[in-house]
Amino acid sequence: MTQNSTARTEARGKFLYANGQKLLVCGATYGTFRPGPGGVDYPPPDVVARDFAAMAANGINAVRTYTPPPRYLLDRAQDH
């Protein structure tokens, strides 16, 4: 199922629905990483894009982070 980024996900009992269809959540954790140059706790944007593409290709549709992610990570998550 391709989810429209503007669609709201809603809870109905113990299930989640998006665009009127049941949303099965398959998640993974991302991080924690050793801080890189400038103290950023995440890999550079090109690595994040590659990681998120691989996760999406394997059915991952939810990601948990342990530290606040930079904006570019959120953008790549939305892209995938």
# chains A, B, ... in the order shown; residues from 1 in each chain; ligands from 1
call {"tool": "residues_around", "arguments": {"residues": "Asn61 in chain A", "least_positions_apart": "4", "cutoff": "8 Å", "atoms": "only C-alpha atoms", "output": "short mmCIF file (atom, residue, chain, number, x, y, z; two decimals) with all heavy atoms, in the first residue's frame"}}
result
data_model
loop_
_atom_site.label_atom_id
_atom_site.label_comp_id
_atom_site.auth_asym_id
_atom_site.auth_seq_id
_atom_site.Cartn_x
_atom_site.Cartn_y
_atom_site.Cartn_z
N VAL A 25 2.13 -2.28 10.86
CA VAL A 25 3.38 -1.60 11.20
C VAL A 25 4.49 -2.63 11.34
O VAL A 25 4.36 -3.60 12.09
CB VAL A 25 3.23 -0.78 12.50
CG1 VAL A 25 4.54 -0.11 12.87
CG2 VAL A 25 2.13 0.26 12.35
N CYS A 26 5.56 -2.40 10.61
CA CYS A 26 6.74 -3.25 10.68
C CYS A 26 7.92 -2.31 10.93
O CYS A 26 8.33 -1.56 10.04
CB CYS A 26 6.93 -4.03 9.38
SG CYS A 26 8.31 -5.16 9.44
N GLY A 27 8.42 -2.29 12.15
CA GLY A 27 9.41 -1.29 12.52
C GLY A 27 10.79 -1.82 12.83
O GLY A 27 11.01 -3.02 12.96
N MET A 55 15.67 -0.34 4.00
CA MET A 55 14.62 -0.72 4.94
C MET A 55 13.27 -0.80 4.25
O MET A 55 12.52 -1.77 4.44
CB MET A 55 14.58 0.26 6.12
CG MET A 55 15.73 0.09 7.08
SD MET A 55 15.57 1.08 8.58
CE MET A 55 16.10 2.69 8.02
N ALA A 56 12.95 0.20 3.42
CA ALA A 56 11.67 0.20 2.70
C ALA A 56 11.57 -1.00 1.76
O ALA A 56 10.51 -1.62 1.66
CB ALA A 56 11.50 1.50 1.93
#
call {"tool": "select_by_dssp", "arguments": {"residues": "chain A", "states": "strand (DSSP E or B)", "output": "list in words"}}
result
Thr9, Glu10, Ala11, Arg12, Phe15, Leu16, Tyr17, Ala18, Gln21, Lys22, Leu23, Gly27, Ala28, Thr29, Ala62, Val63 and Arg64 of chain A
call {"tool": "write_last_selection", "arguments": {"atoms": "C-alpha atoms", "output": "mmCIF file, in the first residue's frame"}}
result
data_model
loop_
_atom_site.group_PDB
_atom_site.id
_atom_site.type_symbol
_atom_site.label_atom_id
_atom_site.label_comp_id
_atom_site.auth_asym_id
_atom_site.auth_seq_id
_atom_site.Cartn_x
_atom_site.Cartn_y
_atom_site.Cartn_z
ATOM 1 C CA THR A 9 -3.513 7.560 10.277
ATOM 2 C CA GLU A 10 -6.295 6.708 12.696
ATOM 3 C CA ALA A 11 -6.748 4.167 15.448
ATOM 4 C CA ARG A 12 -9.806 1.922 15.359
ATOM 5 C CA PHE A 15 -5.583 -1.444 14.728
ATOM 6 C CA LEU A 16 -4.289 1.494 12.694
ATOM 7 C CA TYR A 17 -5.860 2.579 9.393
ATOM 8 C CA ALA A 18 -4.542 4.831 6.621
ATOM 9 C CA GLN A 21 -7.027 0.364 4.802
ATOM 10 C CA LYS A 22 -5.519 -1.502 7.732
ATOM 11 C CA LEU A 23 -1.928 -0.388 8.283
ATOM 12 C CA GLY A 27 9.407 -1.291 12.524
ATOM 13 C CA ALA A 28 13.098 -1.150 13.249
ATOM 14 C CA THR A 29 15.360 0.937 15.440
ATOM 15 C CA ALA A 62 8.294 2.573 10.941
ATOM 16 C CA VAL A 63 11.546 3.670 12.553
ATOM 17 C CA ARG A 64 12.368 4.327 16.187
#
call {"tool": "residues_around", "arguments": {"residues": "Pro68 in chain A", "least_positions_apart": "5", "cutoff": "10 Å", "atoms": "only C-alpha atoms", "output": "number ranges by chain"}}
result
A: 41-42, 73
call {"tool": "write_last_selection", "arguments": {"atoms": "N, CA, C and O atoms", "output": "CSV table (one decimal), in the first residue's frame"}}
result
chain,number,residue,atom,x,y,z
A,41,ASP,N,24.6,13.0,15.7
A,41,ASP,CA,24.4,11.6,16.1
A,41,ASP,C,24.0,10.6,15.1
A,41,ASP,O,23.7,9.5,15.4
A,42,TYR,N,23.9,11.0,13.8
A,42,TYR,CA,23.5,10.2,12.7
A,42,TYR,C,24.4,10.2,11.6
A,42,TYR,O,25.2,11.2,11.4
A,73,LEU,N,17.1,13.4,8.2
A,73,LEU,CA,16.6,12.0,8.5
A,73,LEU,C,15.1,11.9,8.4
A,73,LEU,O,14.6,11.0,7.8
call {"tool": "closest_residue", "arguments": {"among": "A:Val47, A:Gly39, A:Asp75, A:Leu24", "to": "Gly59 in chain A", "atoms": "only C-alpha atoms"}}
result
A:Leu24
call {"tool": "closest_residue", "arguments": {"among": "A:Thr65, A:Arg71, A:Asn58, A:Gly13", "to": "Pro45 in chain A", "atoms": "only C-alpha atoms"}}
result
A:Arg71
call {"tool": "atom_distance", "arguments": {"atom1": "CA of Thr32 in chain A", "atom2": "CA of Asp51 in chain A"}}
result
14.0 Å
call {"tool": "select_by_dssp", "arguments": {"residues": "range 16-50 of chain A", "states": "helix (DSSP H, G or I)", "output": "ChimeraX atom specification"}}
result
/A:37-39,45-50
call {"tool": "atom_distance", "arguments": {"atom1": "CA of Tyr66 in chain A", "atom2": "CA of Arg8 in chain A"}}
result
24.2 Å
call {"tool": "residues_around", "arguments": {"residues": "Ala49 in chain A", "least_positions_apart": "5", "cutoff": "10 Å", "atoms": "only C-alpha atoms", "output": "number ranges by chain"}}
result
A: 43-44, 54-55, 72-73, 75-77, 79-80
